[in-house]
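S.K.: I'm passing along entry_3.cif; it holds mmCIF, N, CA and C atoms.
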data_entry
loop_
_atom_site.label_atom_id
_atom_site.label_comp_id
_atom_site.auth_asym_id
_atom_site.auth_seq_id
_atom_site.Cartn_x
_atom_site.Cartn_y
_atom_site.Cartn_z
N ALA A 1 -37.19 37.37 19.77
CA ALA A 1 -37.62 36.60 20.92
C ALA A 1 -38.10 35.24 20.46
N VAL A 2 -37.81 34.21 21.23
CA VAL A 2 -38.20 32.86 20.84
C VAL A 2 -38.39 31.99 22.08
N ALA A 3 -39.33 31.05 21.97
CA ALA A 3 -39.56 30.04 23.00
C ALA A 3 -40.03 28.77 22.29
N MET A 4 -39.94 27.62 22.97
CA MET A 4 -40.39 26.40 22.33
C MET A 4 -40.78 25.35 23.35
N ASP A 5 -41.57 24.38 22.86
CA ASP A 5 -41.84 23.18 23.63
C ASP A 5 -41.63 21.99 22.70
N ASP A 6 -42.19 20.85 23.02
CA ASP A 6 -41.95 19.65 22.22
C ASP A 6 -42.53 19.75 20.81
N ALA A 7 -43.56 20.56 20.61
CA ALA A 7 -44.25 20.59 19.32
C ALA A 7 -44.16 21.93 18.59
N ILE A 8 -44.08 23.02 19.32
CA ILE A 8 -44.25 24.36 18.74
C ILE A 8 -43.06 25.25 19.08
N ILE A 9 -42.71 26.11 18.13
CA ILE A 9 -41.78 27.21 18.36
C ILE A 9 -42.59 28.50 18.22
N VAL A 10 -42.43 29.42 19.14
CA VAL A 10 -43.09 30.72 19.04
C VAL A 10 -42.00 31.79 18.91
N SER A 11 -42.23 32.73 17.98
CA SER A 11 -41.25 33.79 17.77
C SER A 11 -41.94 35.14 17.81
N GLY A 12 -41.23 36.13 18.36
CA GLY A 12 -41.66 37.51 18.35
C GLY A 12 -40.73 38.29 17.45
N SER A 13 -41.26 39.29 16.76
CA SER A 13 -40.48 39.90 15.69
C SER A 13 -40.56 41.42 15.67
N GLU A 14 -39.62 42.00 14.95
CA GLU A 14 -39.58 43.45 14.71
C GLU A 14 -40.79 43.92 13.90
N ASP A 15 -41.48 43.01 13.19
CA ASP A 15 -42.65 43.41 12.41
C ASP A 15 -43.93 43.43 13.26
N ASN A 16 -43.77 43.39 14.59
CA ASN A 16 -44.87 43.50 15.57
C ASN A 16 -45.70 42.23 15.68
N THR A 17 -45.28 41.12 15.05
CA THR A 17 -46.07 39.90 15.06
C THR A 17 -45.47 38.83 15.97
N ILE A 18 -46.33 37.88 16.30
CA ILE A 18 -45.93 36.65 16.97
C ILE A 18 -46.29 35.53 16.00
N ARG A 19 -45.37 34.63 15.78
CA ARG A 19 -45.62 33.52 14.86
C ARG A 19 -45.40 32.20 15.58
N LEU A 20 -46.29 31.24 15.29
CA LEU A 20 -46.17 29.89 15.80
C LEU A 20 -45.76 28.98 14.66
N TRP A 21 -44.80 28.12 14.93
CA TRP A 21 -44.21 27.25 13.92
C TRP A 21 -44.28 25.81 14.40
N ASP A 22 -44.52 24.89 13.47
CA ASP A 22 -44.45 23.46 13.77
C ASP A 22 -42.97 23.09 13.89
N ARG A 23 -42.60 22.56 15.03
CA ARG A 23 -41.19 22.27 15.30
C ARG A 23 -40.63 21.19 14.36
N LYS A 24 -41.47 20.22 14.01
CA LYS A 24 -40.98 19.12 13.18
C LYS A 24 -40.87 19.50 11.70
N THR A 25 -41.86 20.24 11.19
CA THR A 25 -41.89 20.54 9.75
C THR A 25 -41.32 21.91 9.41
N GLY A 26 -41.27 22.81 10.40
CA GLY A 26 -40.83 24.17 10.14
C GLY A 26 -41.91 25.05 9.51
N GLN A 27 -43.10 24.50 9.35
CA GLN A 27 -44.19 25.25 8.74
C GLN A 27 -44.80 26.23 9.73
N GLN A 28 -45.18 27.41 9.23
CA GLN A 28 -45.88 28.39 10.07
C GLN A 28 -47.29 27.90 10.32
N ILE A 29 -47.69 27.91 11.60
CA ILE A 29 -49.02 27.45 12.00
C ILE A 29 -49.98 28.63 12.14
N ASN A 30 -49.47 29.73 12.70
CA ASN A 30 -50.34 30.87 12.96
C ASN A 30 -49.49 32.13 13.02
N ILE A 31 -50.14 33.24 12.69
CA ILE A 31 -49.53 34.56 12.88
C ILE A 31 -50.50 35.36 13.75
N ILE A 32 -49.96 35.94 14.82
CA ILE A 32 -50.77 36.68 15.78
C ILE A 32 -50.36 38.14 15.71
N GLU A 33 -51.36 39.00 15.54
CA GLU A 33 -51.11 40.43 15.45
C GLU A 33 -51.89 41.18 16.52
N GLY A 34 -51.30 42.27 17.03
CA GLY A 34 -51.97 43.07 18.04
C GLY A 34 -51.06 44.11 18.66
N HIS A 35 -49.76 43.80 18.75
CA HIS A 35 -48.82 44.79 19.28
C HIS A 35 -48.61 45.90 18.25
N SER A 36 -48.32 47.10 18.75
CA SER A 36 -48.08 48.25 17.87
C SER A 36 -46.60 48.55 17.68
N SER A 37 -45.74 47.70 18.26
CA SER A 37 -44.30 47.85 18.09
C SER A 37 -43.66 46.47 18.19
N ALA A 38 -42.36 46.41 18.03
CA ALA A 38 -41.64 45.13 17.99
C ALA A 38 -41.94 44.26 19.21
N VAL A 39 -42.05 42.96 18.96
CA VAL A 39 -42.26 41.98 20.03
C VAL A 39 -40.88 41.52 20.50
N THR A 40 -40.58 41.80 21.76
CA THR A 40 -39.24 41.61 22.30
C THR A 40 -39.12 40.45 23.28
N ALA A 41 -40.25 39.84 23.65
CA ALA A 41 -40.23 38.73 24.61
C ALA A 41 -41.43 37.83 24.38
N VAL A 42 -41.23 36.52 24.48
CA VAL A 42 -42.32 35.56 24.37
C VAL A 42 -42.11 34.42 25.35
N ALA A 43 -43.22 33.83 25.77
CA ALA A 43 -43.23 32.61 26.57
C ALA A 43 -44.52 31.88 26.23
N MET A 44 -44.58 30.58 26.53
CA MET A 44 -45.81 29.84 26.25
C MET A 44 -45.90 28.61 27.12
N ASP A 45 -47.14 28.12 27.23
CA ASP A 45 -47.40 26.81 27.79
C ASP A 45 -48.43 26.13 26.90
N ASP A 46 -49.06 25.09 27.37
CA ASP A 46 -50.00 24.34 26.53
C ASP A 46 -51.22 25.14 26.11
N ALA A 47 -51.59 26.15 26.89
CA ALA A 47 -52.83 26.89 26.63
C ALA A 47 -52.61 28.31 26.13
N MET A 48 -51.49 28.91 26.48
CA MET A 48 -51.34 30.35 26.29
C MET A 48 -49.97 30.74 25.76
N VAL A 49 -49.97 31.83 24.99
CA VAL A 49 -48.73 32.51 24.60
C VAL A 49 -48.76 33.87 25.29
N VAL A 50 -47.64 34.29 25.86
CA VAL A 50 -47.49 35.61 26.46
C VAL A 50 -46.41 36.34 25.68
N SER A 51 -46.69 37.61 25.36
CA SER A 51 -45.73 38.40 24.60
C SER A 51 -45.51 39.75 25.27
N GLY A 52 -44.28 40.25 25.16
CA GLY A 52 -43.94 41.58 25.62
C GLY A 52 -43.39 42.37 24.45
N SER A 53 -43.57 43.69 24.49
CA SER A 53 -43.27 44.49 23.31
C SER A 53 -42.66 45.84 23.67
N GLU A 54 -42.07 46.46 22.64
CA GLU A 54 -41.61 47.84 22.77
C GLU A 54 -42.77 48.82 22.88
N ASP A 55 -44.02 48.34 22.71
CA ASP A 55 -45.18 49.20 22.96
C ASP A 55 -45.53 49.27 24.45
N ASN A 56 -44.66 48.71 25.31
CA ASN A 56 -44.76 48.74 26.78
C ASN A 56 -45.83 47.81 27.34
N THR A 57 -46.46 46.96 26.52
CA THR A 57 -47.51 46.09 27.00
C THR A 57 -47.08 44.63 27.00
N ILE A 58 -47.79 43.85 27.81
CA ILE A 58 -47.73 42.40 27.80
C ILE A 58 -49.09 41.94 27.32
N ARG A 59 -49.13 41.00 26.40
CA ARG A 59 -50.41 40.50 25.89
C ARG A 59 -50.46 38.99 26.06
N LEU A 60 -51.65 38.52 26.43
CA LEU A 60 -51.89 37.10 26.60
C LEU A 60 -52.78 36.63 25.47
N TRP A 61 -52.43 35.50 24.86
CA TRP A 61 -53.09 35.00 23.67
C TRP A 61 -53.47 33.53 23.87
N ASP A 62 -54.61 33.13 23.32
CA ASP A 62 -54.95 31.71 23.28
C ASP A 62 -53.99 31.04 22.30
N ARG A 63 -53.30 30.03 22.74
CA ARG A 63 -52.30 29.39 21.90
C ARG A 63 -52.91 28.73 20.66
N ASN A 64 -54.09 28.17 20.80
CA ASN A 64 -54.70 27.43 19.69
C ASN A 64 -55.38 28.33 18.67
N THR A 65 -56.04 29.39 19.13
CA THR A 65 -56.80 30.24 18.21
C THR A 65 -56.09 31.53 17.85
N GLY A 66 -55.13 31.96 18.67
CA GLY A 66 -54.48 33.25 18.46
C GLY A 66 -55.29 34.42 18.99
N GLN A 67 -56.43 34.15 19.60
CA GLN A 67 -57.29 35.22 20.13
C GLN A 67 -56.61 35.90 21.32
N GLN A 68 -56.66 37.23 21.34
CA GLN A 68 -56.12 37.98 22.47
C GLN A 68 -57.01 37.80 23.68
N LEU A 69 -56.41 37.43 24.80
CA LEU A 69 -57.15 37.19 26.04
C LEU A 69 -57.08 38.37 26.99
N ASN A 70 -55.95 39.10 26.98
CA ASN A 70 -55.80 40.22 27.92
C ASN A 70 -54.62 41.08 27.50
N ILE A 71 -54.66 42.34 27.92
CA ILE A 71 -53.54 43.27 27.77
C ILE A 71 -53.15 43.71 29.17
N LEU A 72 -51.87 43.57 29.50
CA LEU A 72 -51.36 43.98 30.81
C LEU A 72 -50.57 45.26 30.62
N GLU A 73 -51.04 46.32 31.26
CA GLU A 73 -50.42 47.64 31.10
C GLU A 73 -49.94 48.14 32.45
N GLY A 74 -48.73 48.69 32.48
CA GLY A 74 -48.15 49.22 33.70
C GLY A 74 -46.71 49.65 33.52
N HIS A 75 -45.99 49.00 32.62
CA HIS A 75 -44.61 49.39 32.35
C HIS A 75 -44.58 50.72 31.60
N SER A 76 -43.55 51.52 31.87
CA SER A 76 -43.41 52.82 31.20
C SER A 76 -42.35 52.79 30.10
N SER A 77 -41.82 51.59 29.83
CA SER A 77 -40.86 51.43 28.74
C SER A 77 -40.99 50.01 28.20
N ALA A 78 -40.18 49.69 27.21
CA ALA A 78 -40.28 48.40 26.52
C ALA A 78 -40.18 47.22 27.48
N VAL A 79 -40.96 46.20 27.20
CA VAL A 79 -40.91 44.94 27.95
C VAL A 79 -39.79 44.09 27.34
N THR A 80 -38.88 43.62 28.18
CA THR A 80 -37.70 42.91 27.70
C THR A 80 -37.70 41.43 28.04
N GLY A 81 -38.58 41.00 28.93
CA GLY A 81 -38.64 39.59 29.30
C GLY A 81 -39.98 39.23 29.88
N VAL A 82 -40.45 38.03 29.59
CA VAL A 82 -41.68 37.51 30.18
C VAL A 82 -41.48 36.03 30.51
N VAL A 83 -42.12 35.61 31.59
CA VAL A 83 -42.15 34.21 31.99
C VAL A 83 -43.47 33.99 32.71
N MET A 84 -43.97 32.75 32.72
CA MET A 84 -45.25 32.51 33.39
C MET A 84 -45.29 31.10 33.95
N ASP A 85 -46.22 30.94 34.89
CA ASP A 85 -46.59 29.61 35.35
C ASP A 85 -48.11 29.54 35.33
N ASP A 86 -48.70 28.63 36.08
CA ASP A 86 -50.16 28.44 36.02
C ASP A 86 -50.95 29.62 36.59
N THR A 87 -50.33 30.45 37.42
CA THR A 87 -51.08 31.52 38.08
C THR A 87 -50.53 32.92 37.86
N VAL A 88 -49.24 33.03 37.53
CA VAL A 88 -48.58 34.34 37.50
C VAL A 88 -47.84 34.54 36.18
N VAL A 89 -47.87 35.78 35.69
CA VAL A 89 -47.01 36.24 34.60
C VAL A 89 -46.02 37.22 35.22
N VAL A 90 -44.75 37.07 34.90
CA VAL A 90 -43.71 37.99 35.35
C VAL A 90 -43.15 38.70 34.12
N SER A 91 -42.99 40.02 34.24
CA SER A 91 -42.43 40.80 33.13
C SER A 91 -41.30 41.68 33.65
N GLY A 92 -40.29 41.85 32.81
CA GLY A 92 -39.20 42.77 33.08
C GLY A 92 -39.17 43.82 31.99
N SER A 93 -38.65 45.01 32.31
CA SER A 93 -38.75 46.13 31.37
C SER A 93 -37.53 47.03 31.41
N ARG A 94 -37.42 47.85 30.37
CA ARG A 94 -36.40 48.89 30.34
C ARG A 94 -36.70 50.01 31.34
N ASP A 95 -37.88 49.96 31.98
CA ASP A 95 -38.19 50.94 33.04
C ASP A 95 -37.56 50.54 34.38
N ASN A 96 -36.70 49.51 34.38
CA ASN A 96 -35.94 49.03 35.54
C ASN A 96 -36.77 48.25 36.54
N THR A 97 -38.02 47.90 36.19
CA THR A 97 -38.89 47.18 37.12
C THR A 97 -39.23 45.79 36.61
N ILE A 98 -39.61 44.95 37.58
CA ILE A 98 -40.19 43.64 37.31
C ILE A 98 -41.61 43.71 37.86
N ARG A 99 -42.56 43.21 37.09
CA ARG A 99 -43.95 43.24 37.54
C ARG A 99 -44.51 41.83 37.54
N LEU A 100 -45.31 41.54 38.57
CA LEU A 100 -46.02 40.27 38.66
C LEU A 100 -47.50 40.54 38.43
N TRP A 101 -48.10 39.68 37.61
CA TRP A 101 -49.50 39.84 37.20
C TRP A 101 -50.26 38.55 37.47
N ASP A 102 -51.52 38.69 37.86
CA ASP A 102 -52.40 37.53 37.96
C ASP A 102 -52.74 37.07 36.55
N ARG A 103 -52.39 35.85 36.24
CA ARG A 103 -52.58 35.34 34.88
C ARG A 103 -54.05 35.31 34.46
N ASN A 104 -54.93 35.02 35.39
CA ASN A 104 -56.35 34.88 35.05
C ASN A 104 -57.09 36.20 34.95
N THR A 105 -56.77 37.15 35.84
CA THR A 105 -57.51 38.42 35.84
C THR A 105 -56.76 39.54 35.12
N GLY A 106 -55.45 39.41 34.98
CA GLY A 106 -54.65 40.47 34.40
C GLY A 106 -54.29 41.57 35.39
N GLN A 107 -54.69 41.42 36.63
CA GLN A 107 -54.40 42.44 37.64
C GLN A 107 -52.93 42.38 38.05
N GLN A 108 -52.33 43.57 38.23
CA GLN A 108 -50.96 43.64 38.72
C GLN A 108 -50.93 43.24 40.18
N ILE A 109 -50.03 42.33 40.53
CA ILE A 109 -49.90 41.83 41.90
C ILE A 109 -48.83 42.58 42.66
N ASN A 110 -47.70 42.87 41.97
CA ASN A 110 -46.57 43.47 42.67
C ASN A 110 -45.65 44.14 41.65
N VAL A 111 -44.92 45.15 42.12
CA VAL A 111 -43.86 45.80 41.35
C VAL A 111 -42.58 45.63 42.15
N LEU A 112 -41.57 45.04 41.53
CA LEU A 112 -40.28 44.81 42.18
C LEU A 112 -39.30 45.86 41.68
N GLU A 113 -38.85 46.71 42.60
CA GLU A 113 -37.95 47.80 42.25
C GLU A 113 -36.65 47.65 43.01
N GLY A 114 -35.54 48.00 42.36
CA GLY A 114 -34.24 47.92 43.00
C GLY A 114 -33.11 47.99 41.99
N HIS A 115 -33.37 47.58 40.75
CA HIS A 115 -32.34 47.69 39.72
C HIS A 115 -32.18 49.16 39.30
N SER A 116 -30.97 49.53 38.90
CA SER A 116 -30.71 50.90 38.46
C SER A 116 -30.56 51.01 36.94
N SER A 117 -30.84 49.91 36.24
CA SER A 117 -30.79 49.92 34.79
C SER A 117 -31.84 48.93 34.26
N ALA A 118 -31.96 48.86 32.94
CA ALA A 118 -32.99 48.03 32.31
C ALA A 118 -32.88 46.57 32.74
N ILE A 119 -34.03 45.93 32.88
CA ILE A 119 -34.09 44.50 33.13
C ILE A 119 -33.78 43.80 31.81
N THR A 120 -32.89 42.82 31.85
CA THR A 120 -32.50 42.10 30.64
C THR A 120 -32.98 40.66 30.63
N ALA A 121 -33.37 40.12 31.79
CA ALA A 121 -33.82 38.72 31.86
C ALA A 121 -34.64 38.52 33.11
N VAL A 122 -35.65 37.64 33.01
CA VAL A 122 -36.43 37.23 34.18
C VAL A 122 -36.63 35.72 34.15
N ALA A 123 -36.70 35.13 35.34
CA ALA A 123 -37.00 33.71 35.51
C ALA A 123 -37.73 33.56 36.82
N MET A 124 -38.41 32.42 37.00
CA MET A 124 -39.09 32.20 38.27
C MET A 124 -39.30 30.72 38.50
N ASP A 125 -39.52 30.39 39.78
CA ASP A 125 -40.01 29.08 40.17
C ASP A 125 -41.11 29.31 41.19
N ASP A 126 -41.48 28.29 41.93
CA ASP A 126 -42.63 28.40 42.85
C ASP A 126 -42.44 29.44 43.94
N GLY A 127 -41.20 29.72 44.33
CA GLY A 127 -41.00 30.62 45.45
C GLY A 127 -40.21 31.87 45.17
N MET A 128 -39.61 31.97 43.98
CA MET A 128 -38.67 33.04 43.74
C MET A 128 -38.76 33.58 42.31
N VAL A 129 -38.49 34.88 42.18
CA VAL A 129 -38.28 35.52 40.89
C VAL A 129 -36.81 35.93 40.84
N VAL A 130 -36.17 35.72 39.70
CA VAL A 130 -34.79 36.14 39.50
C VAL A 130 -34.77 37.12 38.34
N SER A 131 -34.04 38.22 38.50
CA SER A 131 -33.93 39.21 37.43
C SER A 131 -32.47 39.55 37.18
N GLY A 132 -32.17 39.77 35.91
CA GLY A 132 -30.86 40.26 35.51
C GLY A 132 -31.03 41.65 34.92
N SER A 133 -30.01 42.48 35.04
CA SER A 133 -30.14 43.87 34.62
C SER A 133 -28.85 44.39 34.01
N GLY A 134 -29.00 45.46 33.23
CA GLY A 134 -27.85 46.17 32.70
C GLY A 134 -27.01 46.83 33.77
N ASP A 135 -27.49 46.85 35.00
CA ASP A 135 -26.70 47.40 36.10
C ASP A 135 -25.66 46.39 36.61
N THR A 136 -25.52 45.28 35.90
CA THR A 136 -24.55 44.19 36.15
C THR A 136 -24.87 43.38 37.40
N THR A 137 -26.12 43.41 37.85
CA THR A 137 -26.50 42.59 39.00
C THR A 137 -27.60 41.61 38.62
N ILE A 138 -27.66 40.55 39.41
CA ILE A 138 -28.79 39.62 39.40
C ILE A 138 -29.43 39.74 40.76
N ARG A 139 -30.75 39.86 40.77
CA ARG A 139 -31.45 39.99 42.05
C ARG A 139 -32.42 38.83 42.21
N LEU A 140 -32.54 38.37 43.45
CA LEU A 140 -33.48 37.31 43.81
C LEU A 140 -34.57 37.92 44.65
N TRP A 141 -35.81 37.61 44.30
CA TRP A 141 -36.98 38.19 44.96
C TRP A 141 -37.90 37.08 45.42
N ASP A 142 -38.45 37.22 46.62
CA ASP A 142 -39.51 36.31 47.06
C ASP A 142 -40.76 36.62 46.27
N ARG A 143 -41.47 35.55 45.86
CA ARG A 143 -42.72 35.77 45.14
C ARG A 143 -43.78 36.20 46.11
#
Mind turning the file's structure into structure tokens?
M.R.:
Amino acid sequence: AVAMDDAIIVSGSEDNTIRLWDRKTGQQINIIEGHSSAVTAVAMDDAMVVSGSEDNTIRLWDRNTGQQLNILEGHSSAVTGVVMDDTVVVSGSRDNTIRLWDRNTGQQINVLEGHSSAITAVAMDDGMVVSGSGDTTIRLWDR
């Protein structure tokens, strides 16, 4: 799993870690540990890194310190995709569901059900969540 912005690249790995890299120099800036299984999804903004794992959890981390801010639990299988904005974290999983979480409190807001196979990708904007699945469909959901 990988994500980037103008300065930083964040990677999730089979060794259960999240690593932050300086985009210009390629040097490792930080290593974040906390997941108990492979990290399969990452996203970030200026303040936070969000990770999803085969341990079925989503974890929120302070981007600058690497400190764990919250653990989001609710999926019954590996998390395959994460995306976030200023208020919401969206996760997709091999349990065929998409979940929306309050970024600040960690509370689950909604469970989107309808796919018949694992979620393979998630995206969102201000009004919509989009999910792709192994069931060969893409679904559009109102937020």
S.K.: Might you spell out which residues the PyMOL selection byres ((chain A and resi 97-106) around 7) would select in the displayed file, as a PyMOL selection string?
M.R.: chain A and resi 70-72+86-96+107-115+117-119
S.K.: Find the spatial neighbours of region 22-36 of chain A, counting only C-alpha atoms, within a cut-off of 10 Å - ignore same-chain residues fewer than 3 positions away - and output them as a VMD selection string.
M.R.: chain A and resid 4 to 12 15 to 19 39 49 51 to 59 61 to 68 71
S.K.: By how many Å are atom N of Val130 (chain A) and CA of Trp21 (chain A) apart?
M.R.: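 Spanning atom N of Val130 (chain A) to CA of Trp21 (chain A) is a straight-line distance of 28.3 Å.
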S.K.: What does the distance between CA of Ala47 (chain A) and CA of Thr120 (chain A) come to in Å, to one decimal place?
M.R.: 25.7 Å
S.K.: Distance CA of Met84 (chain A)-atom N of Glu14 (chain A), one decimal place?
M.R.: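 Spanning CA of Met84 (chain A) to atom N of Glu14 (chain A) is a straight-line distance of 21.5 Å.
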S.K.: When DSSP works through the backbone of this structure, what residues of region 73-104 of chain A end up as strand (DSSP E or B), shown as an NGL selection string?
M.R.: :A and (73 or 79-84 or 88-93 or 98-102)
